[in-house]
Amino acid sequence: MNARNFISLILLLTPYVTNAQLRLPSFDVALKGGYMFIPDDAVKATYETLLLHGEFNIHINQNIAIGYFHQRNSFITNYHSEDNSQADNPAAHLMQGVNLRLSTGRSSRWRPYLNVKYVFLEAVVHYNGFDVAYEGNAFAGGIGVMVRLSHNLYLNLVEAELIKISDPGEVLFMDRNNLFPQIRMGLTYNFSKRK
Amino acid sequence: MMKHSPHSLPWGLLACSPRHVSGFFLLVLAISCSIIDDGAIFTREELDGLKLGFIEVEQQKAGGSRESSKVSLLYDSVVNIVVNPSVTVVRRVRFQMPSFTNLMLRYRSGSTANNLQLRISYQKNGIPRSWVLFQGDSAVESYVFEYTASGKLAQLRTILDPVDNKPFIRLTRDTIVYEGNTIESIERRSPDTNLRGYFENILVSGEDDSPKLVSATFQHAQYSTRLERLDCSVAGGQDCDGIRSQLQWKTGNNQNSSASIQVAYQSYFDKPLSLQILGDSRFECCREQDTYYFHPFFLIHDNFALGGLFLSLYSIDWFSPGPTITGGGNHDQNVNFKFYYER
């Protein structure tokens with residue numbers, strides 16, 4: 001069992017461990033859009049995209065939620081290398097993994113929170129006849145704030161994260177010390193039964 | 001594009017309560033997604049091991065006429081052919097060649113046949129020995145490369161010999177003289193006095209291992225050709241080797257013309273991804289359609305030390321500007337070679 005499957009298993013078992021009565025756990029679903037910019041210092045290349053981001057978080061208690069997130073680039077994506085006259089190559093990324101959300105406030109309207117993520121990252125740049133790919137892990141941490149719009153609906157006004165690559169790629173971004181930002185906003189729908 | 005990772009297990013089977021199955025199954029589906037196809041390249045070693053599979057040749061001229069053709073790999077074989085005591089051919093690559101008859105790109109031999117094959121022979125260290133275009137079983141274009149002891153191109157023999165008992169079009173031997181890390185001169189000898197000439201005043205700039213041509217002059221019996229680097233970033237290119245060629249006839253008539261070459265590389269990849277020749281009426285006005293002759297350096301300039309410089313200098317052989325016309329004209333045109341690699 002590799003790390004990805006192990007974490008998937010932990011994720012799946014979490015509601016059973018935390019809900020002794022095996023009732024449907026309280027959870028929320030989020031859909032967000034965002035922007036990410038990844039420089040590749042080694043070859044002076046950049047990857048930027050308007051991204052799509054989805055989350056499914058199970059509530060441990062009122063302040064802690066753990067879940068799965070899935071993110072990928074949209075069709076508005078650009079990979080550009082300065083030392084490459086073929087300016088724009090079709091490129092794509094996928095991030096998915098475990099998300100831990102810590103709410104730092106429970107006011108009636110504003111809900112600030114901290115995010116910590118363990119990320120499985122994939123990236124691909126397509127060339128004539130072959131793809132150059134990266135597959136690795138990353139850690140991400142950031143802050144965000146939600147605005148309560150209704151009983152169940154929240155607006156993620158802004159989420160800002162820093163993502164740190166754990167292991168550099170050999171032929172595609174990212175450089176060893178690469179640390180890149182991401183900002184997102186979107187909506188979260190809370191299926192919670194408990195308040 | 002999207003595929004299911006072979007590493008993922010059917011975790012949905014682990015859901016122990018039926019009412020949870022659908023939600024968890026959706027979750028598992030999402031986890032199993034991957035954007036990386038089988039065969040993607042992760043390492044430098046894999047990247048370096050790629051071989052040229054085929055070349056797509058796209059031509060487009062002003063007015064929108066467009067033609068696409070394909071140079072297909074027939075074989076890429078390891079061989080052991082002793083040419084002479086100092087030269088052994090260790091690899092041979094053969095391509096099925098398209099016929100170029102309608103637009104800008106042509107064969108210098110004038111061949112318009114459709115039974116053309118190209119054979120490239122390599123010595124050790126990946127340096128080419130010969131580049132031969134066959135029409136049927138006749139070699140109609142032959143280029144033979146000889147090297148200095150340090151592996152630099154020393155001589156280039158060119159034999160253009162059409163079939164059907166036509167006379168030689170060209171029989172030349174170019175001798176390259178180096179000064180330090182750059183080319184000092186190239187002398188062209190030939191039994192035909194009209195083909196003799198020499199490059200002089202070759203000025204370059206840039207890095208030692210990949211200098212760019214600044215200017216050079218090819219002196220010929222009837223004319224001289226002055227080549228100058230052109231800032232073709234105006235045409236939207238990056239890393240673009242623009243060439244302005246000024247043909248000065250000894251009779252006093254001058255003819256200016258220009259073309260630019262744009263070669264694209266993947267950042268970690270030492271083989272070209274594409275090579276584009278651009279004609280742009282913004283640089284020189286006004287000519288009829290230019291002609292570009294299919295030349296070895298289009299495909300294999302990267303196999304030579306200073307290959308980019310050779311590609312520029314040998315525009316005297318592969319670039320033939322169209323005649324000047326009055327009253328305006330538009331020769332916006334391009335030829336794009338896209339190189340496709342495979343494992």
# chains A, B, ... in the order shown; residues from 1 in each chain; ligands from 1
$ select_by_dssp --residues "region 13-189 of chain A" --states "strand (DSSP E)" --output "ChimeraX atom specification"
/A:27-40,45-59,64-81,88-89,91-103,110-127,130-148,153-165,179-189
$ residues_around --residues "region 92-97 of chain A" --least-positions-apart "6" --cutoff "10 Å" --atoms "only C-alpha atoms" --output "MDAnalysis selection string"
(chainID A and resid 4 7:8 11 47:49 51:55 67:75 77:79 117:126 133:139) or (chainID B and resid 30:36)
$ closest_residue --among "A:Leu24, A:Ile76, A:Val132, A:Ile183" --to "chain B" --atoms "only C-alpha atoms"
A:Val132
$ closest_residue --among "A:Met146, A:Ala45, A:Ile58, A:Asn63" --to "chain B" --atoms "only C-alpha atoms"
A:Ala45
$ closest_atom_pairs --of "region 69-138 of chain A" --to "region 51-55 of chain B" --cutoff "12 Å" --atoms "only C-alpha atoms" --output "Markdown table"
| residue | atom | partner | partner_atom | distance |
| --- | --- | --- | --- | --- |
| A:Asn128 | CA | B:Ile55 | CA | 9.6 |
| A:Gly129 | CA | B:Gly53 | CA | 8.3 |
| A:Phe130 | CA | B:Gly53 | CA | 10.7 |
$ residues_around --residues "Leu153 (chain A)" --least-positions-apart "6" --cutoff "9 Å" --atoms "only C-alpha atoms" --output "list in words"
Val147, Leu187, Thr188, Tyr189 and Asn190 of chain A
$ atom_distance --atom1 "CA of Ala91 (chain A)" --atom2 "CA of Asn303 (chain B)"
28.8 Å
$ atom_distance --atom1 "CA of Leu156 (chain B)" --atom2 "CA of Val214 (chain B)"
22.4 Å
$ residues_around --residues "Phe297 (chain B)" --least-positions-apart "6" --cutoff "8 Å" --atoms "only C-alpha atoms" --output "ChimeraX atom specification"
/B:307,310-311
$ write_last_selection --atoms "C-alpha atoms" --output "mmCIF file, in the first residue's frame"
data_model
loop_
_atom_site.group_PDB
_atom_site.id
_atom_site.type_symbol
_atom_site.label_atom_id
_atom_site.label_comp_id
_atom_site.auth_asym_id
_atom_site.auth_seq_id
_atom_site.Cartn_x
_atom_site.Cartn_y
_atom_site.Cartn_z
ATOM 1 C CA GLY B 307 25.581 23.955 -35.919
ATOM 2 C CA PHE B 310 26.340 26.717 -40.062
ATOM 3 C CA LEU B 311 22.577 26.862 -40.468
#
$ residues_around --residues "region 290-296 of chain B" --least-positions-apart "5" --cutoff "9 Å" --atoms "only C-alpha atoms" --output "ChimeraX atom specification"
/B:103-108,131,143,277,279,301,314-315,317-323,331,333,335
$ residues_around --residues "region 112-116 of chain B" --least-positions-apart "4" --cutoff "10 Å" --atoms "only C-alpha atoms" --output "count of residues only"
18
$ atom_distance --atom1 "CA of Glu159 (chain A)" --atom2 "CA of Gly142 (chain A)"
7.1 Å
$ residues_around --residues "Val158 (chain A)" --least-positions-apart "5" --cutoff "6 Å" --atoms "only C-alpha atoms" --output "ChimeraX atom specification"
/A:144-145,184-185
$ write_last_selection --atoms "N, CA, C and O atoms" --output "tab-separated table (two decimals), in the first residue's frame"
chain	number	residue	atom	x	y	z
A	144	GLY	N	-7.58	31.70	5.30
A	144	GLY	CA	-8.74	32.07	4.52
A	144	GLY	C	-9.81	32.64	5.43
A	144	GLY	O	-9.70	32.58	6.66
A	145	VAL	N	-10.79	33.20	4.77
A	145	VAL	CA	-11.91	33.70	5.56
A	145	VAL	C	-13.20	33.42	4.79
A	145	VAL	O	-13.28	33.61	3.58
A	184	ARG	N	-7.42	31.60	-3.92
A	184	ARG	CA	-8.68	31.00	-4.36
A	184	ARG	C	-9.86	31.76	-3.74
A	184	ARG	O	-9.72	32.42	-2.71
A	185	MET	N	-10.99	31.62	-4.35
A	185	MET	CA	-12.24	32.03	-3.73
A	185	MET	C	-13.35	31.12	-4.27
A	185	MET	O	-13.20	30.50	-5.30
$ closest_residue --among "B:Gln289, B:Asn334, B:Pro211, B:Glu200" --to "Ser312 (chain B)" --atoms "only C-alpha atoms"
B:Pro211
$ closest_residue --among "B:Phe298, B:Tyr223, B:Tyr340, B:Phe218" --to "chain A" --atoms "only C-alpha atoms"
B:Tyr340
$ closest_residue --among "B:Gln123, B:Ser190, B:Leu203, B:Pro272" --to "Val82 (chain B)" --atoms "only C-alpha atoms"
B:Gln123
